[in-house]
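Written below as structure tokens is the structure these notes are about.
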Amino acid sequence: AGYRRGTRPRTMSASLAAATRRPVARIDTRCIRDARLASSSRASTSTRPPPRTPSIVAKVHRPNHSIQPSADDDVGRSRRDVLAIAALFTQFAVGTPLAFAAADDDDDLDEEAAQAAIEASMKDVLSKNSGEVSYPRRAAFDGAFGVDGVKAASFEVSNLWTVAPVVQDVTGESGFPAMARWGEIVDPVNGKVAVEARVFVTKGFAKPSIADLGKPENVPVAKALGLDKYDDSYRRADMLGSYKRVDKTDGDRVYYDWEMVASPPPKECPSAVGCLYPQHIYLMSATVVDGDLYVLSLDAYPENWRLAGNSLKRIRNSFRISAPEIVQPVDPNEVMLGEVPVGAMS
């Protein structure tokens, strides 16, 4: 079918015509739609091959006026928009699991990298300590630094930990014939685990054995061990736990172990409730050897106790009194002699 001169074409791309002002091909989309419908209906009712699609005749003309888009153009654009949205939705639906999988892979890689860093750090620490974790003894009153009539007192600490040098006091100014003090005990991973460790020696103790004080839970610790005169916090301490320990390697020697909780002094309490919170945690061990009382006291803050309570118990439970030659000699660099008078050594 043709058209008459001066008649208005039914369909035309207004944007294309306006842009080029050249002859534009008009395609009658209704012919395509009718042909497709006819082909589909014949294919469903007959096995014969479908006939050839009718040729589409394109008419070209050079318009002399502006052309407005028709309703068919609007329908075409609407269909194209729907198809574009559907395509984007399909791409998003297919691509989303892949994106999540990639994110999960990244998280796994981050966790693996963090674990590898931790393992590398542990290997580095172990390599600096010959690759082995051991528990050497920290001793006082031992070897060249022994004191007449005082046996060596020691406890075990991991070789990965740092212990401040020991200070020995045999002047009697502390109220004890002999006392040894170590400063902070530090774990390289968790930090400080104890404020200090002290060993008190009382010569000529009234009881030949620590068991003569009665059951460990019934012992007034500060008064019975003579610590109330040294530091008032021992007197304020309440018993948290008590144990009896027997050293089979030393003729069944009996040790009493305690865990004590000391509240702050009343003048430092903002209220009665404030005094219920502990200020010090003392892990203590005591025994009597040859009529002399030996007491180990580990001083820790509540946060140290929460962080390394089991490790502190292990140190306390390793407390031992022995002849000086049994304990490994003390490194002279780890002993401060400023408080030890000349002639006090054996």
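Naming works like this for the structure tokens: A, B, ... for the chains as they're shown, residue 1 at the start of each chain, ligands 1 onward in shown order.
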For range 201-208 of chain A, please output as a list in words all residues within 8 Å (counting only C-alpha atoms; exclusion window: fewer than 6 positions along the same chain).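 Close residues of range 201-208 of chain A: Val150, Phe176, Pro177, Ala178, Met179, Val288, Val289, Asp290, Gly291, Asp292, Leu293, Tyr294 and Val295 of chain A.
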Between A:Ser322, A:Ser134, A:Gln279, A:Asn159, smallest distance to Ala300 in chain A by only C-alpha atoms belongs to A:Gln279
Give the answer as one residue: which of A:Asp247, A:Asp257, A:Glu184, A:Asp232 has the shortest atom-to-atom distance to Val219 in chain A, using only C-alpha atoms? A:Asp257
Need to verify the contact set: Leu296 in chain A, 9 Å, only C-alpha atoms, exclusion of same-chain residues closer than 2 positions in sequence. Can you return it as a ChimeraX atom specification? /A:153-155,197-200,283-286,294,298,316,319
Keeping N, CA and C atoms for every residue in the selection just given, could you write it to a file as a PDB file, in the first residue's frame?
ATOM      1  N   ALA A 153      64.392 -20.876  99.025  1.00  0.00           N
ATOM      2  CA  ALA A 153      62.954 -20.841  98.748  1.00  0.00           C
ATOM      3  C   ALA A 153      62.776 -20.505  97.278  1.00  0.00           C
ATOM      4  N   SER A 154      61.934 -21.255  96.587  1.00  0.00           N
ATOM      5  CA  SER A 154      61.812 -21.055  95.142  1.00  0.00           C
ATOM      6  C   SER A 154      60.399 -21.364  94.671  1.00  0.00           C
ATOM      7  N   PHE A 155      60.113 -20.895  93.463  1.00  0.00           N
ATOM      8  CA  PHE A 155      58.844 -21.205  92.792  1.00  0.00           C
ATOM      9  C   PHE A 155      59.103 -21.218  91.302  1.00  0.00           C
ATOM     10  N   ALA A 197      56.022 -10.678  94.218  1.00  0.00           N
ATOM     11  CA  ALA A 197      56.076 -11.937  94.971  1.00  0.00           C
ATOM     12  C   ALA A 197      57.057 -11.751  96.115  1.00  0.00           C
ATOM     13  N   ARG A 198      56.683 -12.226  97.290  1.00  0.00           N
ATOM     14  CA  ARG A 198      57.535 -12.102  98.478  1.00  0.00           C
ATOM     15  C   ARG A 198      57.652 -13.440  99.184  1.00  0.00           C
ATOM     16  N   VAL A 199      58.824 -13.653  99.780  1.00  0.00           N
ATOM     17  CA  VAL A 199      59.043 -14.805 100.653  1.00  0.00           C
ATOM     18  C   VAL A 199      59.469 -14.278 102.021  1.00  0.00           C
ATOM     19  N   PHE A 200      58.724 -14.652 103.049  1.00  0.00           N
ATOM     20  CA  PHE A 200      59.021 -14.248 104.431  1.00  0.00           C
ATOM     21  C   PHE A 200      59.569 -15.454 105.190  1.00  0.00           C
ATOM     22  N   LEU A 283      47.749 -14.808  96.913  1.00  0.00           N
ATOM     23  CA  LEU A 283      47.888 -16.255  96.815  1.00  0.00           C
ATOM     24  C   LEU A 283      49.081 -16.639  97.676  1.00  0.00           C
ATOM     25  N   MET A 284      48.837 -17.432  98.706  1.00  0.00           N
ATOM     26  CA  MET A 284      49.853 -17.674  99.722  1.00  0.00           C
ATOM     27  C   MET A 284      50.080 -19.161  99.920  1.00  0.00           C
ATOM     28  N   SER A 285      51.310 -19.484 100.296  1.00  0.00           N
ATOM     29  CA  SER A 285      51.691 -20.853 100.625  1.00  0.00           C
ATOM     30  C   SER A 285      52.670 -20.803 101.786  1.00  0.00           C
ATOM     31  N   ALA A 286      52.545 -21.737 102.722  1.00  0.00           N
ATOM     32  CA  ALA A 286      53.392 -21.715 103.920  1.00  0.00           C
ATOM     33  C   ALA A 286      53.743 -23.134 104.338  1.00  0.00           C
ATOM     34  N   TYR A 294      58.339 -20.544 106.500  1.00  0.00           N
ATOM     35  CA  TYR A 294      58.553 -19.955 105.184  1.00  0.00           C
ATOM     36  C   TYR A 294      57.183 -19.671 104.554  1.00  0.00           C
ATOM     37  N   LEU A 298      51.963 -14.081  96.786  1.00  0.00           N
ATOM     38  CA  LEU A 298      51.830 -13.454  95.471  1.00  0.00           C
ATOM     39  C   LEU A 298      50.751 -12.383  95.563  1.00  0.00           C
ATOM     40  N   ARG A 316      51.951 -20.459  92.750  1.00  0.00           N
ATOM     41  CA  ARG A 316      51.816 -20.671  94.199  1.00  0.00           C
ATOM     42  C   ARG A 316      51.992 -22.132  94.568  1.00  0.00           C
ATOM     43  N   PHE A 319      55.612 -23.598  95.032  1.00  0.00           N
ATOM     44  CA  PHE A 319      56.490 -23.113  96.102  1.00  0.00           C
ATOM     45  C   PHE A 319      57.135 -24.292  96.816  1.00  0.00           C
TER      46      PHE A 319
END
